[in-house]
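Student: Okay, here's the structure, questions in a sec.
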Amino acid sequence: MSDLATLEQKILGEIAAAGDEAALEAVRVAALGKKGAISALLATLGKMSPDERKTQGAAINLAKDKVTQALTERRDVLKSAALDARLAKETIDVTLPLREATAEVGRIHPLSQVWDELTAIFADMGFSVAEGPDIETDDYNFTKLNFPIGHPAREMHDTFFFPPKEDGSRMLLRTHTSPVQVRTMLAQKPPIRVICPGRTYRIDSDATHTPQFHQVEGLVIDKSSHLGHLKWILHEFCKAFFEVDHINMRFRPSYFPFTEPSLEVDIQCRRDKGEIRFGEGEDWLEILGCGMVHPNVLRLCGLDPDVYQGFAWGMGIDRIAMLKYGISDLRQLFEGDVRFLSHYGFKPLDVPTLAGGLSS
């Protein structure tokens with residue numbers, strides 16, 4: 001009996017010391033399993049006399065019941081402790097701000113946003129989008145745009161030229177998207193209404209110039225196109241893009257080889273504490289160049305200038321993006337800094353529309 005009491009106390013001590021359910025299960029198997037200590041004692045009852053069996057059996061079964069009850073109570077304690085630990089580990093602080101959905105974590109680059117805004121505005125006016133290669137021929141980039149060989153106007157463009165071919169001709173990185181206008185006039189009969197957005201390249205680099213930048217040009221060719229139409233299109237564009245009800249514009253004479261007459265366009269603005277407000281104030285800001293398509297360009301593109309006339313304009317997408325969204329340095333647009341993108345970028349599902357607001 002003393003050995004049974006000692007065994008019972010030993011098992012109860014091991015149960016109390018079990019740190020987890022796995023350790024507790026090991027104690028149960030050692031005590032009550034097929035080869036457990038208490039199970040072994042129960043197996044000896046068959047060899048005892050009836051009087052011994054009556055006395056010893058009651059004591060062994062009582063010890064078994066105590067061990068079983070202790071196992072049950074300890075198991076409940078361990079399960080509760082494990083649940084508390086799991087809850088503490090997986091607790092969600094409901095006072096924290098809600099995490100953004102995966103589809104909204106990324107940001108649309110300001111240039112991509114402005115590109116989409118331009119497309120939405122001009123598509124509403126009936127324009128289609130025309131594109132062309134970044135690597136162009138000298139003929140499309142200069143000659144067919146009324147830049148004759150050796151003409152001083154070619155020096156207006158600091159150009160990336162490729163090595164000469166065997167026939168002496170040279171490919172180049174286009175200096176403007178005007179070659180797309182040429183390709184459109186050669187491939188399509190009037191009436192023509194297209195915009196030509198894309199990358200362009202010039203050897204220049206500072207806070208307001210980069211070797212690679214973006215332009216959007218527009219072209220309208222028809223039998224009765226005139227400067228009044230051009231003025232209306234540009235006025236409506238500026239109102240829609242800068243999201244103002246009215247904006248004054250000023251047209252100044254200028255020079256471009258591919259247009260005659262040629263004009264520079266200024267828009268009304270107010271400069272205040274480093275910010276520019278459009279549609280108000282006494283200041284003017286140059287924003288783009290435009291003009292009537294030169295008759296020579298029409299002839300070189302297979303159109304009769306006595307039948308057709310048209311107008312064109314061009315502006316820097318990067319420049320108007322900086323003006324609209326307050327970006328101070330053009331180079332920030334191309335550095336790939338995630339901090340810049342998280343500040344100036346747009347949510348990917350906020351597609352710009354005229355009805356819903358371009359930059360809402």
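The way I read the labels, and the way they are meant: chains A, B, ... in the order of the structure tokens, residue 1 as the first residue of every chain, and ligand 1 as the first ligand shown, with later ones counted on from there.
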Apply DSSP to the structure's backbone, then extract all residues of region 67-235 of chain A labelled strand (DSSP E or B) and return them as a ChimeraX atom specification.

Tutor: /A:108,128-129,135-137,161,171-173,192-201,206,209,212-222

Student: Go through region 67-158 of chain A and flag each residue having an atom no more than 9 Å from region 281-303 of chain A; for those, report the closest pair of atoms plus their distance in Å to one decimal, using only C-alpha atoms, ordered by chain and rising number, as JSON lines.

Tutor:
{"residue": "A:Thr143", "atom": "CA", "partner": "A:Leu300", "partner_atom": "CA", "distance": 8.6}
{"residue": "A:Lys144", "atom": "CA", "partner": "A:Leu300", "partner_atom": "CA", "distance": 5.6}
{"residue": "A:Leu145", "atom": "CA", "partner": "A:Val297", "partner_atom": "CA", "distance": 5.4}
{"residue": "A:Asn146", "atom": "CA", "partner": "A:Val297", "partner_atom": "CA", "distance": 5.9}

Student: What's the 10 Å shell around region 216-223 of chain A, counting only C-alpha atoms, without same-chain residues fewer than 3 positions away, as a short mmCIF file (atom, residue, chain, number, x, y, z; two decimals) with N, CA, C and O atoms, in the first residue's frame?

Tutor:
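Once everything was written out, this is around-v4.cif:
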data_model
loop_
_atom_site.label_atom_id
_atom_site.label_comp_id
_atom_site.auth_asym_id
_atom_site.auth_seq_id
_atom_site.Cartn_x
_atom_site.Cartn_y
_atom_site.Cartn_z
N TRP A 115 -1.13 61.20 -69.02
CA TRP A 115 -1.33 60.58 -70.34
C TRP A 115 -2.78 60.15 -70.50
O TRP A 115 -3.42 60.41 -71.53
N LEU A 118 -5.07 63.27 -70.81
CA LEU A 118 -5.01 63.84 -72.16
C LEU A 118 -5.87 63.02 -73.13
O LEU A 118 -6.64 63.57 -73.92
N THR A 119 -5.72 61.71 -73.04
CA THR A 119 -6.47 60.83 -73.94
C THR A 119 -7.97 60.99 -73.74
O THR A 119 -8.74 61.05 -74.70
N PHE A 122 -9.12 64.58 -75.25
CA PHE A 122 -9.14 64.68 -76.71
C PHE A 122 -10.05 63.63 -77.35
O PHE A 122 -10.61 63.87 -78.42
N PHE A 127 -10.88 62.91 -81.22
CA PHE A 127 -9.53 62.57 -81.67
C PHE A 127 -9.23 61.11 -81.38
O PHE A 127 -9.69 60.55 -80.37
N SER A 128 -8.44 60.50 -82.25
CA SER A 128 -7.91 59.16 -81.99
C SER A 128 -6.43 59.28 -81.63
O SER A 128 -5.81 60.33 -81.84
N VAL A 129 -5.87 58.21 -81.09
CA VAL A 129 -4.47 58.20 -80.66
C VAL A 129 -3.62 57.50 -81.72
O VAL A 129 -3.94 56.38 -82.14
N ALA A 130 -2.55 58.17 -82.16
CA ALA A 130 -1.62 57.59 -83.13
C ALA A 130 -0.26 57.43 -82.47
O ALA A 130 0.16 58.28 -81.68
N HIS A 176 10.96 64.63 -81.37
CA HIS A 176 9.58 65.05 -81.10
C HIS A 176 8.68 63.95 -81.64
O HIS A 176 9.14 63.01 -82.30
N THR A 177 7.38 64.03 -81.37
CA THR A 177 6.47 63.01 -81.90
C THR A 177 5.88 63.43 -83.24
O THR A 177 4.97 62.77 -83.75
N SER A 178 6.43 64.49 -83.85
CA SER A 178 5.96 64.93 -85.16
C SER A 178 6.10 63.86 -86.25
O SER A 178 5.29 63.85 -87.20
N VAL A 180 5.20 60.96 -86.11
CA VAL A 180 3.93 60.21 -86.08
C VAL A 180 2.89 60.95 -86.93
O VAL A 180 2.06 60.32 -87.60
N GLN A 181 2.93 62.28 -86.92
CA GLN A 181 2.04 63.05 -87.78
C GLN A 181 2.33 62.73 -89.25
O GLN A 181 1.42 62.56 -90.07
N VAL A 182 3.63 62.68 -89.59
CA VAL A 182 4.02 62.37 -90.96
C VAL A 182 3.50 60.99 -91.36
O VAL A 182 2.91 60.81 -92.44
N THR A 184 1.05 59.37 -90.16
CA THR A 184 -0.40 59.38 -90.25
C THR A 184 -0.87 59.97 -91.57
O THR A 184 -1.77 59.43 -92.24
N MET A 185 -0.27 61.10 -91.99
CA MET A 185 -0.66 61.73 -93.25
C MET A 185 -0.32 60.86 -94.45
O MET A 185 -1.04 60.87 -95.46
N LYS A 189 -6.06 59.12 -95.36
CA LYS A 189 -6.61 60.24 -96.10
C LYS A 189 -7.39 61.17 -95.16
O LYS A 189 -8.01 60.71 -94.21
N PRO A 190 -7.37 62.49 -95.44
CA PRO A 190 -8.16 63.42 -94.61
C PRO A 190 -9.65 63.10 -94.72
O PRO A 190 -10.08 62.49 -95.71
N PRO A 191 -10.45 63.46 -93.73
CA PRO A 191 -10.08 64.27 -92.56
C PRO A 191 -9.29 63.46 -91.53
O PRO A 191 -9.54 62.28 -91.33
N ILE A 192 -8.34 64.15 -90.89
CA ILE A 192 -7.47 63.54 -89.88
C ILE A 192 -7.61 64.31 -88.58
O ILE A 192 -7.51 65.55 -88.57
N ARG A 193 -7.84 63.59 -87.51
CA ARG A 193 -7.87 64.19 -86.17
C ARG A 193 -7.20 63.21 -85.22
O ARG A 193 -7.81 62.24 -84.79
N VAL A 194 -5.93 63.46 -84.91
CA VAL A 194 -5.17 62.54 -84.06
C VAL A 194 -4.36 63.31 -83.02
O VAL A 194 -4.01 64.48 -83.23
N ILE A 195 -4.09 62.64 -81.92
CA ILE A 195 -3.06 63.12 -81.00
C ILE A 195 -1.95 62.08 -81.01
O ILE A 195 -2.19 60.88 -81.24
N CYS A 196 -0.72 62.53 -80.75
CA CYS A 196 0.45 61.66 -80.85
C CYS A 196 1.27 61.76 -79.57
O CYS A 196 2.23 62.54 -79.50
N PRO A 197 0.90 61.02 -78.53
CA PRO A 197 1.70 61.03 -77.30
C PRO A 197 2.84 60.02 -77.39
O PRO A 197 2.73 59.00 -78.09
N GLY A 198 3.93 60.29 -76.68
CA GLY A 198 5.03 59.33 -76.69
C GLY A 198 6.31 59.89 -76.12
O GLY A 198 6.41 61.07 -75.78
N ARG A 199 7.32 59.02 -76.06
CA ARG A 199 8.64 59.42 -75.56
C ARG A 199 9.42 60.13 -76.66
O ARG A 199 9.32 59.78 -77.83
N THR A 200 10.22 61.10 -76.25
CA THR A 200 11.12 61.79 -77.17
C THR A 200 12.48 61.98 -76.48
O THR A 200 12.60 61.84 -75.27
N HIS A 226 -9.07 75.92 -89.69
CA HIS A 226 -8.44 77.24 -89.56
C HIS A 226 -8.06 77.50 -88.11
O HIS A 226 -8.35 76.69 -87.20
N HIS A 229 -10.56 77.16 -85.16
CA HIS A 229 -10.76 75.81 -84.63
C HIS A 229 -9.65 75.45 -83.65
O HIS A 229 -9.91 74.86 -82.59
N LEU A 230 -8.40 75.77 -84.03
CA LEU A 230 -7.26 75.48 -83.16
C LEU A 230 -7.40 76.17 -81.81
O LEU A 230 -7.20 75.54 -80.75
N LEU A 288 2.67 75.89 -74.67
CA LEU A 288 2.80 75.04 -75.85
C LEU A 288 3.06 75.89 -77.08
O LEU A 288 2.94 77.11 -77.07
N GLY A 289 3.40 75.20 -78.18
CA GLY A 289 3.55 75.84 -79.48
C GLY A 289 2.58 75.22 -80.47
O GLY A 289 2.18 74.06 -80.34
N CYS A 290 2.19 76.00 -81.48
CA CYS A 290 1.19 75.51 -82.44
C CYS A 290 1.28 76.31 -83.72
O CYS A 290 2.10 77.23 -83.86
N MET A 292 -0.49 76.63 -88.16
CA MET A 292 -1.05 75.97 -89.34
C MET A 292 0.03 75.14 -90.02
O MET A 292 1.18 75.59 -90.15
N VAL A 293 -0.31 73.92 -90.42
CA VAL A 293 0.67 73.03 -91.03
C VAL A 293 1.24 73.67 -92.29
O VAL A 293 0.49 74.15 -93.16
N LEU A 298 2.66 69.43 -96.11
CA LEU A 298 1.54 68.75 -96.77
C LEU A 298 1.98 68.11 -98.08
O LEU A 298 1.64 66.96 -98.37
N LEU A 303 -0.15 65.36 -99.71
CA LEU A 303 -1.42 66.07 -99.68
C LEU A 303 -1.31 67.37 -100.46
O LEU A 303 -0.26 68.04 -100.43
N PRO A 305 -1.83 71.10 -100.84
CA PRO A 305 -2.13 72.25 -99.97
C PRO A 305 -3.19 73.18 -100.55
O PRO A 305 -3.70 74.04 -99.84
N ASP A 306 -3.49 73.03 -101.85
CA ASP A 306 -4.56 73.83 -102.43
C ASP A 306 -5.95 73.24 -102.11
O ASP A 306 -6.97 73.90 -102.30
N VAL A 307 -5.96 72.02 -101.62
CA VAL A 307 -7.22 71.36 -101.27
C VAL A 307 -7.36 71.24 -99.75
O VAL A 307 -8.42 71.51 -99.18
N TYR A 308 -6.27 70.84 -99.10
CA TYR A 308 -6.31 70.59 -97.66
C TYR A 308 -5.45 71.60 -96.90
O TYR A 308 -4.43 72.08 -97.41
N GLN A 309 -5.86 71.88 -95.73
CA GLN A 309 -5.05 72.65 -94.79
C GLN A 309 -5.33 72.10 -93.39
O GLN A 309 -6.31 71.40 -93.16
N GLY A 310 -4.44 72.40 -92.49
CA GLY A 310 -4.62 71.86 -91.15
C GLY A 310 -3.80 72.62 -90.14
O GLY A 310 -3.08 73.58 -90.46
N PHE A 311 -3.91 72.20 -88.89
CA PHE A 311 -3.13 72.83 -87.82
C PHE A 311 -2.60 71.74 -86.90
O PHE A 311 -3.09 70.60 -86.87
N ALA A 312 -1.57 72.10 -86.15
CA ALA A 312 -0.93 71.16 -85.24
C ALA A 312 -0.46 71.91 -84.00
O ALA A 312 -0.30 73.14 -84.02
N TRP A 313 -0.26 71.16 -82.95
CA TRP A 313 0.27 71.75 -81.71
C TRP A 313 1.08 70.67 -80.99
O TRP A 313 0.97 69.49 -81.26
N GLY A 314 1.90 71.11 -80.05
CA GLY A 314 2.70 70.17 -79.28
C GLY A 314 3.02 70.74 -77.90
O GLY A 314 3.22 71.95 -77.75
N MET A 315 3.05 69.85 -76.90
CA MET A 315 3.38 70.28 -75.54
C MET A 315 4.06 69.12 -74.81
O MET A 315 3.94 67.96 -75.21
N GLY A 316 4.79 69.46 -73.77
CA GLY A 316 5.45 68.44 -72.97
C GLY A 316 4.52 67.85 -71.92
O GLY A 316 3.95 68.59 -71.10
N ILE A 317 4.33 66.55 -71.95
CA ILE A 317 3.48 65.90 -70.95
C ILE A 317 4.09 66.07 -69.56
O ILE A 317 3.39 66.33 -68.58
N ASP A 318 5.42 65.95 -69.47
CA ASP A 318 6.08 66.12 -68.18
C ASP A 318 5.87 67.53 -67.63
O ASP A 318 5.64 67.72 -66.43
#

Student: What lies within 9 Å of region 341-346 of chain A using only C-alpha atoms, ignoring chain neighbours under 6 positions off, as a list in words?

Tutor: Gly106, Arg107, Ile108, His109, Pro110, Gln113, Tyr325, Ile327, Leu333 and Ser359 of chain A

Student: Which residues come within 9 Å of Ile60 (chain A), counting only C-alpha atoms, excluding same-chain residues fewer than 3 positions away, as number ranges by chain?

Tutor: A: 4, 38, 41-42, 55-57, 63-65

Student: Got a sec: who's within 9 Å of Val67 (chain A), counting only C-alpha atoms, leaving out chain neighbours fewer than 3 positions off, as a PyMOL selection string?

Tutor: chain A and resi 8+11-12+15+28+31-32+62-64+70-72

Student: Would you kindly return, as a list in words, each protein, DNA or RNA residue with an atom no farther than 12 Å from any atom of Glu236 (chain A), considering only C-alpha atoms and excluding same-chain residues fewer than 2 positions away?

Tutor: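 Final neighbour list, sorted by chain and number: Leu118, Ile121, Phe122, Asp124, Met125, His229, Leu230, Lys231, Trp232, Ile233, Leu234, Cys238, Lys239, Ala240, Phe241, Phe242, Glu243, Val244, Asp245, His246, Ile247, Asn248 and Met249 of chain A.
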
Student: Report the closest atom pair, with its distance in Å rounded to one decimal, for each residue of region 176-244 of chain A that has an atom no farther than 9 Å from region 157-161 of chain A; count only C-alpha atoms, sort by chain and then rising residue number, and write it as a tab-separated table.

Tutor:
residue	atom	partner	partner_atom	distance
A:Tyr201	CA	A:Phe160	CA	7.2
A:Arg202	CA	A:Asp158	CA	5.3
A:Ile203	CA	A:Asp158	CA	5.2
A:Asp204	CA	A:Asp158	CA	7.5

Student: Between A:Glu136, A:Glu335, A:Glu14, A:Glu100, single out the one closest to Lys347 (chain A), counting only C-alpha atoms.

Tutor: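 Closest candidate: A:Glu100.
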
Student: Among region 21-247 of chain A, which ones does DSSP assign to helix (DSSP H, G or I) (computed from the backbone)? Answer as number ranges by chain.

Tutor: A: 21-32, 37-47, 50-89, 102-104, 110-124, 138-141, 143-145, 152-156, 178-187, 227-242

Student: Which of these, A:Ser80, A:Asp337, A:Glu25, A:Leu45, has the shortest distance to Ala58 (chain A) once you count only C-alpha atoms?

Tutor: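 When distances to Ala58 (chain A) are compared using only C-alpha atoms, the smallest one comes from A:Leu45.
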
Student: Have a look at CA of Glu117 (chain A) and CA of Gln188 (chain A) and let me know their distance in Å, one decimal.

Tutor: 25.6 Å
